[in-house]
Amino acid sequence: MKMGEAVTDEYRRLGISSQVFDFGETLLRSLEGRFREIDQTAEYNQLKVLAAFQENMIGESHLSGTTGYGYHDSGRDALERVYADIFHTEAALVRPQIACGTHALSLALFSNLRPGDELLSPVGKPYDTLEQVIGIRPAAGSLAEYGITYREVALLPDGSIDYPAIEKAITPRTKLVTIQRSRGYQNRPTLSIDSIGQLIAFVKNINPKFICMVDNCYGEFVDTVEPSDVGADLCVGSLIKNPGGGLAPMGGYLAGKEELIEQAGYRLVSPGLGRAVGASLEVLRSLYQGIFFAPTVTAAALKGAVFAAKVYQSLGFNVNPKPDDDYHDIIQAITFENPMLLTTFCQAIQAASPIDGHVLPEAAPMPGYSCPVIMASGSFISGSSIELSADGPLREPYIAYLQGGLTFPHAKAGVLKSLQSLLDAGLVELPSPIYT
């Protein structure tokens, strides 16, 4: 049997027709140039990561963890130096004790803000799970309960930054400016590194002492530079997203100025102990391997996002970004404007998953979210969104947020499975003739 026939047979086993497969192949041919660009970025970042390993003389002894207090954990400390070198920062805090991206952001905020300070978001509303951290929605232990106030400045209708409004919003209490790189559950553009750098320069020109923190979730290794290269004092993210490479089983990171990282260590553990303690158990090997694989895994996820954009744009849906746009994170937003389309799409992504592919996700209340959310994530690491996953709040305009894919062939299969499911349900039709 010829290889082409063997491949199409395997797609049929997944329930994907030859018509859908051929449609996908036609679109893929038009993306060859885009994929080459993604591979070039991955190659640069891979070399940057390799250099960080070699410059810190990572050895076999660094891959074994510690127990108990974690005193003298050379592998943990070396991993943090690797992260600091990759992000070109003075220091980093990389710990399995950080439960998720929201925890990492909360840690950065609580450790570097004090009662009477004010937090400013110049890029609009933060991600849903941060609303209770800040106190936008009342929650026990929020920043608001500690007397830390909050202001935000909405982006302009075209998604650009409203600099005059930011200048007006700054008060004598303003201390920390938080910049969310990714869109969260908003249909706004992801911020480019250039726009982040310009925003930081603007803020620092008003007051050089302002702390500029970037929520870097979903954005690591998408570009050849990180927010810390353009002036961010802190970059914050989750290890079960891009930098974990699909291998990190848990954890989060902060990379930035020494004094800010030191404060975060005291908040994570306790005053007086800080970064000196915290056992790494048996996860160091996975954390090292994860950051090593992260550039190419992120590239696979990016290719999946671009392919999904091409497929759904060709069907007439509004996609953000568009396939020819520059991508600044791995998230692909597809606006369905119909709850059935959103639900069917997410259920199909789940059906294409290696784990729990037989499970049918439904929208349900989720901790930290203000409305029911449907989440598809048949992943090896629970909740890992560098693995192929899709989710969306069940509210207008019913946007699906697709991300991840440890390999492009899996991401491709998931996108084609979603298209097949929508076709089978009579919710979409393939354009005729097929075009690119």
# chains A, B, ... in the order shown; residues from 1 in each chain; ligands from 1

$ select_by_dssp --residues "stretch 210-395 of chain A" --states "strand (DSSP E or B)" --output "VMD selection string"
chain A and resid 211 to 215 234 to 238 252 to 256 318 to 320 332 to 335 364 373 to 376 389 to 393

$ select_by_dssp --residues "stretch 53-124 of chain A" --states "helix (DSSP H, G or I)" --output "PyMOL selection string"
chain A and resi 53-55+60-63+74-86+101-112

$ atom_distance --atom1 "atom CA of A:Ile386" --atom2 "atom CA of A:Ile330"
8.5 Å

$ closest_atom_pairs --of "stretch 110-182 of chain A" --to "stretch 234-252 of chain A" --cutoff "10 Å" --atoms "only C-alpha atoms" --output "tab-separated table"
residue	atom	partner	partner_atom	distance
A:Thr178	CA	A:Leu234	CA	9.4
A:Ile179	CA	A:Cys235	CA	9.7
A:Gln180	CA	A:Val236	CA	9.9

$ write_last_selection --atoms "C-alpha atoms" --output "mmCIF file, in the first residue's frame"
data_model
loop_
_atom_site.group_PDB
_atom_site.id
_atom_site.type_symbol
_atom_site.label_atom_id
_atom_site.label_comp_id
_atom_site.auth_asym_id
_atom_site.auth_seq_id
_atom_site.Cartn_x
_atom_site.Cartn_y
_atom_site.Cartn_z
ATOM 1 C CA THR A 178 0.141 44.304 34.704
ATOM 2 C CA ILE A 179 0.144 43.557 30.976
ATOM 3 C CA GLN A 180 -1.690 40.466 29.758
#

$ closest_residue --among "A:Leu287, A:Leu27, A:Val177, A:Ile16" --to "A:Asn207" --atoms "only C-alpha atoms"
A:Val177

$ residues_around --residues "A:Phe221" --least-positions-apart "6" --cutoff "9 Å" --atoms "only C-alpha atoms" --output "MDAnalysis selection string"
chainID A and resid 41:42 45 242:243 294:296 298:299 329

$ residues_around --residues "stretch 406-414 of chain A" --least-positions-apart "3" --cutoff "10 Å" --atoms "only C-alpha atoms" --output "VMD selection string"
chain A and resid 11 14 16 21 24 28 242 245 to 247 293 to 294 296 to 305 307 to 308 345 to 346 348 to 354 379 385 to 389 402 to 403 417 to 420

$ closest_atom_pairs --of "stretch 350-393 of chain A" --to "stretch 122-131 of chain A" --cutoff "12 Å" --atoms "only C-alpha atoms" --output "tab-separated table"
residue	atom	partner	partner_atom	distance
A:Met366	CA	A:Thr129	CA	9.7
A:Pro367	CA	A:Thr129	CA	7.9
A:Gly368	CA	A:Thr129	CA	4.5
A:Tyr369	CA	A:Asp128	CA	5.6
A:Ser370	CA	A:Asp128	CA	7.2
A:Cys371	CA	A:Asp128	CA	9.7
A:Pro372	CA	A:Asp128	CA	11.9
A:Val373	CA	A:Asp128	CA	11.2
A:Gly392	CA	A:Asp128	CA	11.6
A:Pro393	CA	A:Asp128	CA	10.2

$ closest_residue --among "A:Arg275, A:His358, A:Arg173, A:Lys257" --to "A:Phe87" --atoms "only C-alpha atoms"
A:Lys257

$ residues_around --residues "A:Asp77" --least-positions-apart "2" --cutoff "9 Å" --atoms "only C-alpha atoms" --output "list in words"
His62, His72, Asp73, Ser74, Gly75, Leu79, Glu80, Arg81, Val82, Leu93, Val94, Arg275 and Ala276 of chain A

$ residues_around --residues "A:Leu394" --least-positions-apart "4" --cutoff "12 Å" --atoms "only C-alpha atoms" --output "list in words"
Tyr185, Thr335, Phe336, Glu337, Asn338, Pro339, Met340, Leu341, Leu342, Thr343, Cys346, Glu362, Ala363, Ala364, Pro365, Met366, Tyr369, Ser370, Cys371, Pro372, Val373, Ile374, Met375, Tyr398, Ile399, Ala400 and Tyr401 of chain A

$ closest_residue --among "A:Phe53, A:Phe23, A:Tyr253, A:Phe35" --to "A:Gln289" --atoms "only C-alpha atoms"
A:Phe53

$ closest_residue --among "A:Tyr146, A:Val133, A:Glu226, A:Cys100" --to "A:Ser382" --atoms "only C-alpha atoms"
A:Cys100

$ atom_distance --atom1 "atom CA of A:Glu259" --atom2 "atom CA of A:Thr89"
11.5 Å

$ closest_residue --among "A:Ser195, A:Gln46, A:Thr190, A:Asn112" --to "A:Phe210" --atoms "only C-alpha atoms"
A:Asn112

$ closest_residue --among "A:Gly70, A:Pro397, A:Gly159, A:Gly184" --to "A:Gly219" --atoms "only C-alpha atoms"
A:Gly184

$ residues_around --residues "A:Val359" --least-positions-apart "2" --cutoff "9 Å" --atoms "only C-alpha atoms" --output "list in words"
Gln347, Gln350, Ala351, Asp356, Gly357, Pro361 and Gly378 of chain A
